[in-house]
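Have a look at the structure below before the remarks.
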Amino acid sequence: MSQNKNNSQTNIQLDFISESKLAQMAPMEKIRMVLDEVRSGKIIVLERGLAPDEEAKLIEMTMTEITPDEFSGIEIESYPTEQNTSFLRKILGKTTTKTRLTVIGPADHLKTIKKDRDMITAIVTK
Amino acid sequence: MVINLFSWVKRLFKKKKAKIGIYGPPNAGKTTLANRIVRDWSGDAMGPVSHIPHETRRARRREDVIIEANGTTVMLDIIDTPGLATKIDFHGFMACGMEEEEAKRRAKEATEGVIEAVKWLEDLDGVILVMDATEDPFTQVNVTVIGNMEARNLPLVIAANKIDMQKASPARIRGAFPQHPTVPISALEGINTDQLYKEIAKRFG
Ligand SMILES: Nc1nc2c(ncn2[C@@H]2O[C@H](COP(=O)(O)OP(=O)(O)OP(=O)(O)O)[C@@H](O)[C@H]2O)c(=O)[nH]1
Ligand SMILES: [Mg+2]
């Protein structure tokens, strides 16, 4: 997680990660990747977000890595999940939770201004 | 006969005993609500409350709290959890008037508290999600807690807290998470808690 000084002084890198790439990764791989990227100052956008248990794990891992004056945590924003409750699924008592677009960045560089069911407004600061 | 009746009663409770976590962001009023529930139904208190966030840094469990509402009796283990957050900066505690050392210690304990709260999630039968109704409900903490309960098909009741305050908007919370029951309350003043107990008996029974 060495900081790319040259890069981080003037620019902030954004990485957009597709659903298919995420689908190939194991939960811990995803979480490690997210934390490594965010800790090196990048902001990442996940097309389909993380599963709820992966989000919980990410929060947990973030907490273990917080260090005074170095890393104060992450800003993570996603839309509320959507539930797939088709007629058949209702009969079977099954609902699937659909996760949605998620933005994650270092807490000191990414600030959410406003969030809605279907709209996220954030600013990136140096 | 006596033994039969005894085991019947035990079975009745056993079926309905549930481990319920009180979750939410720091300062939402979780401990205030836990204290009220426990005081209303077992005459005790749960833990200290503070306007400084991350006051609760260890989960606390109160066992066998019996709640009766709507003719239903539920026996609950109530777990008051530390406020969930994705970031903790010790400078925030210094702004609340703490010395640097104390602020850093509180921040460290707060991170451990969050981990404890997350770990408890896997071991629950239901959640009361407390939100400060004067604040924006669309936070990651809320989304993550709700997502985890939905993924496991477990019941969730949202307590839209602090409705004694002018700015409170329980309707905004309801609009954000329409698939879950939302009860507007003031844990501090005890407003509408009867409604919350009815919902608890209905969902966790
Ligand atoms: N006005 C108002 N204030 C409340 C209410 N409930 C709690 N508070 C206040 O909100 C602050 C935080 O309350 P706590 O119960 O400590 O909150 P918590 O969610 O347990 O916070 P952490 O343990 O730090 O995560 C305290 O100053 C309470 O007095 C309410 O219904 N109305
Ligand atoms: Mg508390």
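Lettering and numbering for the structure tokens are positional, with chains as A, B, ... in the shown order, residues counted from 1 in each chain, and ligands counted from 1 in the shown order.
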
Checklist entry - Please, which residues have at least one atom within 6 Å of an atom of ligand 1, using only C-alpha atoms and all ligand atoms, listed as a ChimeraX atom specification? => result /B:26-32,49-51,53-56,82-83,161-162,164-165,186-188

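All residues of protein, DNA or RNA that reach within 10 Å of Lys104 of chain B, judged by only C-alpha atoms and not counting those fewer than 3 positions away in the chain, are Thr67 and Pro68 of chain A; Asp89, Phe90, His91, Gly92, Phe93, Met94, Met98, Glu99, Glu100, Glu101, Ala107, Lys108, Glu109 and Ala110 of chain B.
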
Give me a file of those residues, with all heavy atoms, as a short mmCIF file (atom, residue, chain, number, x, y, z; two decimals), in the first residue's frame.
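Contents of selection-v2.cif, freshly written:
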```
data_model
loop_
_atom_site.label_atom_id
_atom_site.label_comp_id
_atom_site.auth_asym_id
_atom_site.auth_seq_id
_atom_site.Cartn_x
_atom_site.Cartn_y
_atom_site.Cartn_z
N THR A 67 -5.55 3.71 11.80
CA THR A 67 -4.39 4.10 12.59
C THR A 67 -4.40 5.63 12.70
O THR A 67 -4.62 6.31 11.69
CB THR A 67 -3.07 3.71 11.86
OG1 THR A 67 -3.35 2.67 10.93
CG2 THR A 67 -2.01 3.26 12.83
N PRO A 68 -4.18 6.16 13.91
CA PRO A 68 -4.23 7.61 14.08
C PRO A 68 -3.30 8.34 13.10
O PRO A 68 -2.19 7.89 12.87
CB PRO A 68 -3.75 7.82 15.52
CG PRO A 68 -3.97 6.52 16.20
CD PRO A 68 -3.86 5.46 15.15
N ASP B 89 -12.31 8.95 13.44
CA ASP B 89 -11.14 9.84 13.50
C ASP B 89 -11.06 10.41 14.91
O ASP B 89 -12.00 11.04 15.39
CB ASP B 89 -11.31 10.96 12.47
CG ASP B 89 -10.04 11.79 12.33
OD1 ASP B 89 -9.16 11.71 13.23
OD2 ASP B 89 -9.92 12.51 11.33
N PHE B 90 -9.91 10.18 15.56
CA PHE B 90 -9.78 10.61 16.96
C PHE B 90 -9.90 12.14 17.11
O PHE B 90 -10.26 12.63 18.17
CB PHE B 90 -8.47 10.09 17.58
CG PHE B 90 -7.24 10.80 17.10
CD1 PHE B 90 -6.73 11.89 17.80
CD2 PHE B 90 -6.57 10.38 15.95
CE1 PHE B 90 -5.59 12.55 17.36
CE2 PHE B 90 -5.43 11.04 15.51
CZ PHE B 90 -4.95 12.13 16.22
N HIS B 91 -9.63 12.87 16.02
CA HIS B 91 -9.76 14.34 16.10
C HIS B 91 -11.19 14.75 16.48
O HIS B 91 -11.39 15.77 17.12
CB HIS B 91 -9.39 14.97 14.76
CG HIS B 91 -7.93 14.84 14.44
ND1 HIS B 91 -7.45 13.89 13.57
CD2 HIS B 91 -6.85 15.50 14.90
CE1 HIS B 91 -6.13 13.99 13.49
NE2 HIS B 91 -5.74 14.96 14.29
N GLY B 92 -12.16 13.93 16.06
CA GLY B 92 -13.55 14.20 16.39
C GLY B 92 -13.79 14.21 17.89
O GLY B 92 -14.57 15.02 18.41
N PHE B 93 -13.11 13.32 18.61
CA PHE B 93 -13.27 13.28 20.07
C PHE B 93 -12.55 14.46 20.71
O PHE B 93 -12.98 14.97 21.75
CB PHE B 93 -12.74 11.96 20.64
CG PHE B 93 -13.46 10.75 20.09
CD1 PHE B 93 -12.77 9.71 19.51
CD2 PHE B 93 -14.85 10.68 20.15
CE1 PHE B 93 -13.43 8.60 19.00
CE2 PHE B 93 -15.53 9.58 19.65
CZ PHE B 93 -14.81 8.54 19.06
N MET B 94 -11.45 14.91 20.10
CA MET B 94 -10.75 16.09 20.62
C MET B 94 -11.64 17.32 20.48
O MET B 94 -11.66 18.17 21.36
CB MET B 94 -9.42 16.29 19.90
CG MET B 94 -8.41 15.20 20.27
SD MET B 94 -6.85 15.35 19.40
CE MET B 94 -6.12 16.75 20.25
N MET B 98 -11.80 16.29 24.46
CA MET B 98 -10.90 15.31 25.07
C MET B 98 -9.44 15.63 24.76
O MET B 98 -9.12 16.19 23.72
CB MET B 98 -11.20 13.91 24.53
CG MET B 98 -12.42 13.30 25.14
SD MET B 98 -12.68 11.66 24.45
CE MET B 98 -14.37 11.43 24.94
N GLU B 99 -8.57 15.21 25.68
CA GLU B 99 -7.13 15.30 25.43
C GLU B 99 -6.77 14.29 24.34
O GLU B 99 -7.47 13.30 24.15
CB GLU B 99 -6.35 14.95 26.71
CG GLU B 99 -6.58 15.90 27.86
CD GLU B 99 -5.97 17.28 27.60
OE1 GLU B 99 -4.94 17.34 26.90
OE2 GLU B 99 -6.54 18.26 28.09
N GLU B 100 -5.63 14.53 23.68
CA GLU B 100 -5.23 13.68 22.56
C GLU B 100 -5.13 12.19 22.95
O GLU B 100 -5.65 11.32 22.25
CB GLU B 100 -3.89 14.16 21.99
CG GLU B 100 -3.50 13.35 20.77
CD GLU B 100 -2.34 13.96 19.97
OE1 GLU B 100 -2.20 15.19 19.97
OE2 GLU B 100 -1.60 13.18 19.37
N GLU B 101 -4.49 11.93 24.09
CA GLU B 101 -4.32 10.54 24.52
C GLU B 101 -5.66 9.84 24.70
O GLU B 101 -5.89 8.73 24.23
CB GLU B 101 -3.54 10.48 25.85
CG GLU B 101 -2.04 10.56 25.68
CD GLU B 101 -1.51 9.56 24.64
OE1 GLU B 101 -1.70 8.35 24.85
OE2 GLU B 101 -0.97 10.01 23.61
N ALA B 107 -10.91 6.23 20.34
CA ALA B 107 -11.02 5.83 18.93
C ALA B 107 -10.66 4.36 18.77
O ALA B 107 -11.35 3.62 18.05
CB ALA B 107 -10.10 6.70 18.07
N LYS B 108 -9.61 3.94 19.44
CA LYS B 108 -9.19 2.52 19.35
C LYS B 108 -10.30 1.61 19.88
O LYS B 108 -10.67 0.61 19.25
CB LYS B 108 -7.90 2.35 20.16
CG LYS B 108 -7.36 0.93 20.21
CD LYS B 108 -6.30 0.71 19.14
CE LYS B 108 -5.74 -0.70 19.11
NZ LYS B 108 -6.59 -1.67 18.46
N GLU B 109 -10.83 1.97 21.04
CA GLU B 109 -11.91 1.17 21.62
C GLU B 109 -13.14 1.17 20.72
O GLU B 109 -13.84 0.16 20.61
CB GLU B 109 -12.29 1.70 23.01
CG GLU B 109 -11.25 1.41 24.08
CD GLU B 109 -11.56 2.09 25.40
OE1 GLU B 109 -12.68 2.66 25.55
OE2 GLU B 109 -10.69 2.07 26.29
N ALA B 110 -13.38 2.32 20.10
CA ALA B 110 -14.54 2.42 19.21
C ALA B 110 -14.41 1.47 18.03
O ALA B 110 -15.38 0.82 17.63
CB ALA B 110 -14.74 3.86 18.74
#
```

Item to check | Ile104 of chain A environment, 12 Å, only C-alpha atoms, sequence neighbours closer than 6 positions dropped, as a PyMOL selection string | outcome: (chain A and resi 14-17+31+33-39+41-47+49-50+55+58-59+62+73-78+110-112+122+124) or (chain B and resi 86-87+140)

Next on the checklist: Distance cut-off 10 Å, counting only C-alpha atoms - which residues of chain B neighbour chain A? Return them as a ChimeraX atom specification.
Outcome noted: /B:84-91,104,107-108,110-119,121-122,136-153,175-177,179

Checklist outcome for this item: From the list B:Arg174, B:Arg60, B:Lys198, B:Arg105, the nearest residue to ligand 2 using only C-alpha atoms and all ligand atoms is B:Arg60

Next on the checklist: as a count of residues only, please: every residue in chain A that DSSP puts in helix (DSSP H, G or I).
Outcome noted: 44

Next on the checklist: Report, in Å to a single decimal, how far apart atom CA of Cys96 of chain B and atom CA of Ile52 of chain B are.
Outcome noted: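 Result for atom CA of Ile52 of chain B versus atom CA of Cys96 of chain B: 7.0 Å, one decimal.
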
Checklist entry - Within 9 Å of Ile185 of chain B, counting only C-alpha atoms, which residues qualify if same-chain residues fewer than 5 places away don't, as an MDAnalysis selection string? => result chainID B and resid 159:164 170 190:193 195:196

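Atom CA of Glu102 of chain B to atom CA of Tyr23 of chain B spans 25.3 Å [interatomic distance, one decimal].
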
Item to check | DSSP strand (DSSP E) residues within segment 1-204 of chain B, listed as number ranges by chain | outcome: B: 18-23, 60-69, 72-80, 126-132, 156-161, 182-184

Export of the given selection (N, CA and C atoms) as a compact mmCIF listing (two decimals), in the first residue's frame:
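Saved the output as out.txt:
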```txt
# COMPACT_ATOMS: atom_id res chain seq x y z
N ALA B 18 -35.89 -15.07 21.62
CA ALA B 18 -35.14 -14.59 20.46
C ALA B 18 -34.05 -13.64 20.91
N LYS B 19 -32.92 -13.71 20.21
CA LYS B 19 -31.82 -12.79 20.47
C LYS B 19 -31.96 -11.59 19.53
N ILE B 20 -32.20 -10.43 20.14
CA ILE B 20 -32.47 -9.23 19.35
C ILE B 20 -31.37 -8.20 19.56
N GLY B 21 -30.75 -7.79 18.48
CA GLY B 21 -29.69 -6.78 18.56
C GLY B 21 -30.25 -5.39 18.32
N ILE B 22 -29.80 -4.43 19.11
CA ILE B 22 -30.16 -3.03 18.87
C ILE B 22 -28.99 -2.40 18.12
N TYR B 23 -29.24 -2.04 16.86
CA TYR B 23 -28.18 -1.56 15.98
C TYR B 23 -28.44 -0.14 15.52
N ARG B 60 -23.53 -5.22 25.11
CA ARG B 60 -24.06 -5.68 26.39
C ARG B 60 -25.33 -6.47 26.17
N ARG B 61 -25.44 -7.57 26.87
CA ARG B 61 -26.63 -8.40 26.71
C ARG B 61 -27.44 -8.44 27.99
N ARG B 62 -28.77 -8.28 27.85
CA ARG B 62 -29.66 -8.49 28.98
C ARG B 62 -30.56 -9.66 28.61
N GLU B 63 -30.49 -10.69 29.43
CA GLU B 63 -31.22 -11.91 29.09
C GLU B 63 -32.65 -11.92 29.63
N ASP B 64 -33.48 -12.67 28.96
CA ASP B 64 -34.83 -13.00 29.43
C ASP B 64 -35.70 -11.79 29.74
N VAL B 65 -35.73 -10.85 28.83
CA VAL B 65 -36.65 -9.71 28.97
C VAL B 65 -37.98 -10.13 28.36
N ILE B 66 -39.03 -10.15 29.19
CA ILE B 66 -40.33 -10.61 28.70
C ILE B 66 -41.21 -9.41 28.36
N ILE B 67 -41.63 -9.35 27.11
CA ILE B 67 -42.48 -8.26 26.65
C ILE B 67 -43.85 -8.80 26.26
N GLU B 68 -44.88 -8.13 26.75
CA GLU B 68 -46.25 -8.54 26.44
C GLU B 68 -46.96 -7.42 25.71
N ALA B 69 -47.46 -7.73 24.54
CA ALA B 69 -48.24 -6.73 23.80
C ALA B 69 -49.16 -7.46 22.85
N THR B 72 -49.62 -11.16 22.92
CA THR B 72 -48.49 -12.04 22.63
C THR B 72 -47.40 -11.79 23.66
N THR B 73 -46.79 -12.89 24.11
CA THR B 73 -45.67 -12.76 25.03
C THR B 73 -44.40 -13.21 24.33
N VAL B 74 -43.41 -12.35 24.34
CA VAL B 74 -42.13 -12.75 23.75
C VAL B 74 -41.03 -12.64 24.80
N MET B 75 -40.13 -13.61 24.76
CA MET B 75 -38.99 -13.55 25.66
C MET B 75 -37.75 -13.25 24.83
N LEU B 76 -37.07 -12.16 25.18
CA LEU B 76 -35.96 -11.70 24.35
C LEU B 76 -34.66 -11.59 25.14
N ASP B 77 -33.57 -11.86 24.45
CA ASP B 77 -32.27 -11.40 24.92
C ASP B 77 -32.00 -10.13 24.14
N ILE B 78 -31.79 -9.04 24.87
CA ILE B 78 -31.57 -7.75 24.21
C ILE B 78 -30.07 -7.45 24.20
N ILE B 79 -29.52 -7.20 23.03
CA ILE B 79 -28.10 -6.88 22.94
C ILE B 79 -27.96 -5.44 22.46
N ASP B 80 -27.43 -4.59 23.35
CA ASP B 80 -27.16 -3.20 22.99
C ASP B 80 -25.76 -3.16 22.39
N GLY B 126 -33.10 -11.30 15.23
CA GLY B 126 -33.79 -10.12 14.75
C GLY B 126 -33.06 -8.86 15.18
N VAL B 127 -33.43 -7.74 14.54
CA VAL B 127 -32.74 -6.49 14.84
C VAL B 127 -33.74 -5.35 15.01
N ILE B 128 -33.48 -4.51 16.00
CA ILE B 128 -34.14 -3.20 16.08
C ILE B 128 -33.11 -2.20 15.58
N LEU B 129 -33.39 -1.60 14.44
CA LEU B 129 -32.44 -0.65 13.86
C LEU B 129 -32.87 0.76 14.27
N VAL B 130 -32.03 1.40 15.08
CA VAL B 130 -32.36 2.73 15.58
C VAL B 130 -31.74 3.79 14.68
N MET B 131 -32.58 4.71 14.21
CA MET B 131 -32.06 5.82 13.41
C MET B 131 -32.46 7.13 14.07
N ASP B 132 -31.58 8.10 13.96
CA ASP B 132 -31.89 9.45 14.41
C ASP B 132 -32.74 10.09 13.32
N LEU B 156 -36.82 -7.38 11.06
CA LEU B 156 -36.19 -6.11 11.39
C LEU B 156 -37.26 -5.08 11.68
N VAL B 157 -37.09 -4.34 12.76
CA VAL B 157 -38.00 -3.24 13.05
C VAL B 157 -37.16 -1.97 13.12
N ILE B 158 -37.59 -0.93 12.41
CA ILE B 158 -36.86 0.33 12.44
C ILE B 158 -37.49 1.26 13.48
N ALA B 159 -36.67 1.75 14.40
CA ALA B 159 -37.14 2.75 15.36
C ALA B 159 -36.65 4.11 14.89
N ALA B 160 -37.58 4.94 14.42
CA ALA B 160 -37.24 6.29 13.98
C ALA B 160 -37.23 7.17 15.22
N ASN B 161 -36.05 7.34 15.80
CA ASN B 161 -35.92 7.92 17.14
C ASN B 161 -35.80 9.46 17.11
N THR B 182 -41.63 0.74 10.26
CA THR B 182 -40.94 1.85 10.92
C THR B 182 -41.84 2.42 12.00
N VAL B 183 -41.34 2.51 13.23
CA VAL B 183 -42.12 3.07 14.33
C VAL B 183 -41.45 4.35 14.81
N PRO B 184 -42.15 5.50 14.69
CA PRO B 184 -41.58 6.75 15.19
C PRO B 184 -41.64 6.77 16.71
```

Item to check | atom CA of Ala168 of chain B to atom CA of Asp194 of chain B, distance in Å rounded to a single decimal | outcome: 19.3 Å
